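Okay, so here's the structure we're looking at.
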Amino acid sequence: MDDFTIGFLVGLAAVLVIAAIIKLRSRKGPTTVAEKAEDLSKRRARMLPALALIFLSQQGAYLSHASSNTAQTIKISAWLVLSVVLIAALATKGFWFEPKAVRDLIDDENTRANRNDAMRLGFLVSMAAAIGIYFMTMFDNMKARESIHIIMTLGIAAALLRWAYLERRAHRDA
Amino acid sequence: MPDRLANRLKERRTELGLTQAELAEKVGVTRKTVNTVENGVFTPSATLAIKLAQALGLTVEQLFWIES
């Protein structure tokens, strides 16, 4: 099994463990659809900044060239899995293991507006990063993979942080 | 200065003895959405505005108005 596959499986396992913890914790919680949606919505607002920090902290490992090639490859493929999962969470209703009624209620009008706002910022930050890299490559060579990594990381992290801010503000006003 | 959509959601909800959660359940949204509409943080769609007005026994114009 090559390093990339190992990293991919490590990332996938981490995502599944997080999903299992969320599912197990929610079994002990509220019973009605409205209560469950409220509970999950609050939990998401708390989780988003933590997810953004975990995601960003992975980049330190990528940008420092201290570790071996094997470790680098594993980290990069794990980063790719987490990126895909976070993009899917941003682009869909999320909470894929919850019943449809709960998922529909969580993704109500205000949440959709917040999500769209966050994705808009993520897109703008990605474009700004792409423009910055375009200028940088006039003076220094940069690998395509490195460029993509920076553009995706900044875009996803900006979107996550914006969404976290909007969701926390919406709950805080209560 | 941009127009602002003001409302008497909280006043009417309190008159009827409803909590944010109860109103939210009646119109099919989370309490967070009712909260943000009440506080003027979020401007609801026409659909949600009509649902809220119906749930509170008012017309949309009685519940929402524009403040310049």
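Here, A, B, ... name the chains of the structure tokens in the order displayed, residue numbers run from 1 inside each chain, and ligands are numbered from 1 in the same displayed order.
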Query - helix (DSSP H, G or I) residues, from DSSP on the backbone, in region 23-174 of chain A, as an MDAnalysis selection string - result: chainID A and resid 23:27 33:63 69:91 100:106 109:136 144:172
Query - chain B contacts to chain A at 9 Å (only C-alpha atoms) as a VMD selection string - result: chain B and resid 20 to 21 24 to 25 28 to 37 39 41 to 45 48
Requested in this report: Mind checking which residues fall within 9 Å of Ile74 (chain A), counting only C-alpha atoms, ignoring those fewer than 2 positions away in the same chain, and posting them as a VMD selection string?
Outcome: chain A and resid 3 to 8 10 to 11 69 to 72 76 to 79
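Using only C-alpha atoms, the protein and nucleic acid residues lying no more than 12 Å from Val84 (chain A), apart from those fewer than 2 places from it along its own chain, are Phe8, Gly11, Leu12, Val15, Phe55, Ser77, Ala78, Trp79, Leu80, Val81, Leu82, Leu86, Ile87, Ala88, Ala89, Leu90, Ala91, Thr92, Met152, Thr153 and Ile156 of chain A.
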Selection file, N, CA and C atoms, as a tab-separated table (two decimals), in the first residue's frame:
chain	number	residue	atom	x	y	z
A	8	PHE	N	-4.85	8.70	2.89
A	8	PHE	CA	-6.27	8.79	2.54
A	8	PHE	C	-7.11	8.01	3.56
A	11	GLY	N	-7.16	9.81	6.98
A	11	GLY	CA	-8.10	10.93	6.94
A	11	GLY	C	-9.54	10.45	7.01
A	12	LEU	N	-9.82	9.41	6.25
A	12	LEU	CA	-11.18	8.85	6.22
A	12	LEU	C	-11.57	8.30	7.59
A	15	VAL	N	-12.41	11.12	9.97
A	15	VAL	CA	-13.74	11.68	9.68
A	15	VAL	C	-14.83	10.75	10.22
A	55	PHE	N	-8.07	22.29	10.79
A	55	PHE	CA	-7.76	22.33	9.36
A	55	PHE	C	-6.52	23.20	9.09
A	77	SER	N	-2.48	13.64	1.91
A	77	SER	CA	-3.68	12.91	1.52
A	77	SER	C	-4.75	13.00	2.60
A	78	ALA	N	-4.33	13.05	3.88
A	78	ALA	CA	-5.30	13.24	4.97
A	78	ALA	C	-5.93	14.62	4.85
A	79	TRP	N	-5.11	15.62	4.49
A	79	TRP	CA	-5.63	16.98	4.29
A	79	TRP	C	-6.66	17.01	3.18
A	80	LEU	N	-6.40	16.24	2.12
A	80	LEU	CA	-7.31	16.21	0.97
A	80	LEU	C	-8.68	15.66	1.39
A	81	VAL	N	-8.65	14.59	2.20
A	81	VAL	CA	-9.92	14.00	2.67
A	81	VAL	C	-10.69	15.01	3.51
A	82	LEU	N	-9.99	15.64	4.44
A	82	LEU	CA	-10.66	16.62	5.31
A	82	LEU	C	-11.20	17.79	4.48
A	86	LEU	N	-15.07	18.94	4.37
A	86	LEU	CA	-15.47	20.31	4.77
A	86	LEU	C	-16.19	21.02	3.64
A	87	ILE	N	-15.74	20.83	2.41
A	87	ILE	CA	-16.44	21.44	1.26
A	87	ILE	C	-17.85	20.87	1.16
A	88	ALA	N	-17.97	19.55	1.36
A	88	ALA	CA	-19.29	18.91	1.31
A	88	ALA	C	-20.19	19.46	2.42
A	89	ALA	N	-19.61	19.68	3.61
A	89	ALA	CA	-20.40	20.22	4.73
A	89	ALA	C	-20.86	21.65	4.43
A	90	LEU	N	-19.99	22.40	3.74
A	90	LEU	CA	-20.35	23.78	3.39
A	90	LEU	C	-21.41	23.81	2.28
A	91	ALA	N	-21.31	22.87	1.36
A	91	ALA	CA	-22.18	22.91	0.18
A	91	ALA	C	-23.51	22.19	0.37
A	92	THR	N	-23.60	21.33	1.40
A	92	THR	CA	-24.85	20.59	1.59
A	92	THR	C	-25.42	20.91	2.98
A	152	MET	N	-6.97	26.44	-1.79
A	152	MET	CA	-8.05	25.68	-1.14
A	152	MET	C	-8.09	25.93	0.37
A	153	THR	N	-6.91	25.91	0.97
A	153	THR	CA	-6.85	26.07	2.43
A	153	THR	C	-7.41	27.41	2.87
A	156	ILE	N	-11.34	27.58	2.14
A	156	ILE	CA	-12.15	26.75	3.04
A	156	ILE	C	-12.12	27.32	4.46
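Minimum distance to Thr14 (chain B) across B:Lys51, B:Pro2, B:Glu38, B:Glu67 (counting only C-alpha atoms) occurs at B:Glu38.
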Query raised in the report: Could you pull the residues within 9 Å of region 126-135 of chain A, counting only C-alpha atoms, minus those fewer than 3 positions along the same chain, as a list in words?
Result: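 Counting only the stated atoms, we get Leu121, Gly122, Phe123, Met138, Phe139, Met142, Ser147, Ile148, Ile150, Ile151, Met152, Thr153, Leu154, Gly155, Ile156 and Ala158 of chain A.
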Please save C-alpha atoms of the selected residues as a PDB file, in the first residue's frame.
ATOM      1  CA  LEU A 121     -16.396  34.958   1.317  1.00  0.00           C
ATOM      2  CA  GLY A 122     -14.570  31.653   0.807  1.00  0.00           C
ATOM      3  CA  PHE A 123     -14.759  32.141  -2.966  1.00  0.00           C
ATOM      4  CA  MET A 138       6.481  36.143 -11.700  1.00  0.00           C
ATOM      5  CA  PHE A 139       9.395  36.258  -9.276  1.00  0.00           C
ATOM      6  CA  MET A 142       5.804  27.521  -7.328  1.00  0.00           C
ATOM      7  CA  SER A 147      -0.587  26.689  -5.247  1.00  0.00           C
ATOM      8  CA  ILE A 148      -3.749  24.591  -5.140  1.00  0.00           C
ATOM      9  CA  ILE A 150      -2.793  27.378  -0.501  1.00  0.00           C
ATOM     10  CA  ILE A 151      -5.852  28.483  -2.514  1.00  0.00           C
ATOM     11  CA  MET A 152      -8.053  25.681  -1.138  1.00  0.00           C
ATOM     12  CA  THR A 153      -6.848  26.071   2.428  1.00  0.00           C
ATOM     13  CA  LEU A 154      -7.430  29.812   2.604  1.00  0.00           C
ATOM     14  CA  GLY A 155     -10.823  29.589   0.877  1.00  0.00           C
ATOM     15  CA  ILE A 156     -12.150  26.753   3.037  1.00  0.00           C
ATOM     16  CA  ALA A 158     -12.264  31.661   5.526  1.00  0.00           C
TER      17      ALA A 158
END
Report task. Please indicate the distance in Å from CA of Asn7 (chain B) to CA of Phe64 (chain B), rounded to one decimal place. Result ->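 These two atoms are separated by 4.4 Å.
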Report task. Fewer than 3 positions away in the same chain doesn't count, so skip those; otherwise give me all residues within 10 Å of Arg12 (chain B), counting only C-alpha atoms, as a PyMOL selection string. Result -> chain B and resi 7-9+15-18+53+56-58+63
Backbone-only DSSP, strand (DSSP E) members of chain B, as a compact mmCIF listing (two decimals) with C-alpha atoms, in the first residue's frame:
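Contents of the output file out_26.txt:
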# COMPACT_ATOMS: atom_id res chain seq x y z
CA ARG B 4 -34.42 48.53 7.45
CA LEU B 5 -37.20 46.00 7.90
CA ALA B 6 -38.63 46.57 11.37
CA ASN B 7 -41.12 44.23 13.01
CA PHE B 64 -43.39 44.18 9.25
CA TRP B 65 -42.73 47.70 8.02
CA ILE B 66 -39.85 49.60 6.46
CA GLU B 67 -37.88 52.10 8.50
Report task. Find, counting only C-alpha atoms, the residue in A:Thr73, A:Val102, A:Ala118, A:Ala164 that gets nearest to Ala45 (chain A). Result ->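 Closest to Ala45 (chain A) of all the choices is A:Ala164.
Comparing the minimum interatomic distances between Val27 (chain B) and each of B:Ile50, B:Val60, B:Gly40, B:Asp3, counting only C-alpha atoms, we find that B:Ile50 sits nearest.
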Query raised in the report: At what distance in Å, to one decimal, does CA of Ala157 (chain A) lie from CA of Ser57 (chain A)?
Result: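 Distance reported for this atom pair: 10.7 Å.
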Requested in this report: Measure the distance from CA of Val17 (chain A) to CA of Asp39 (chain A) in Å and round it to one decimal.
Outcome: 20.0 Å
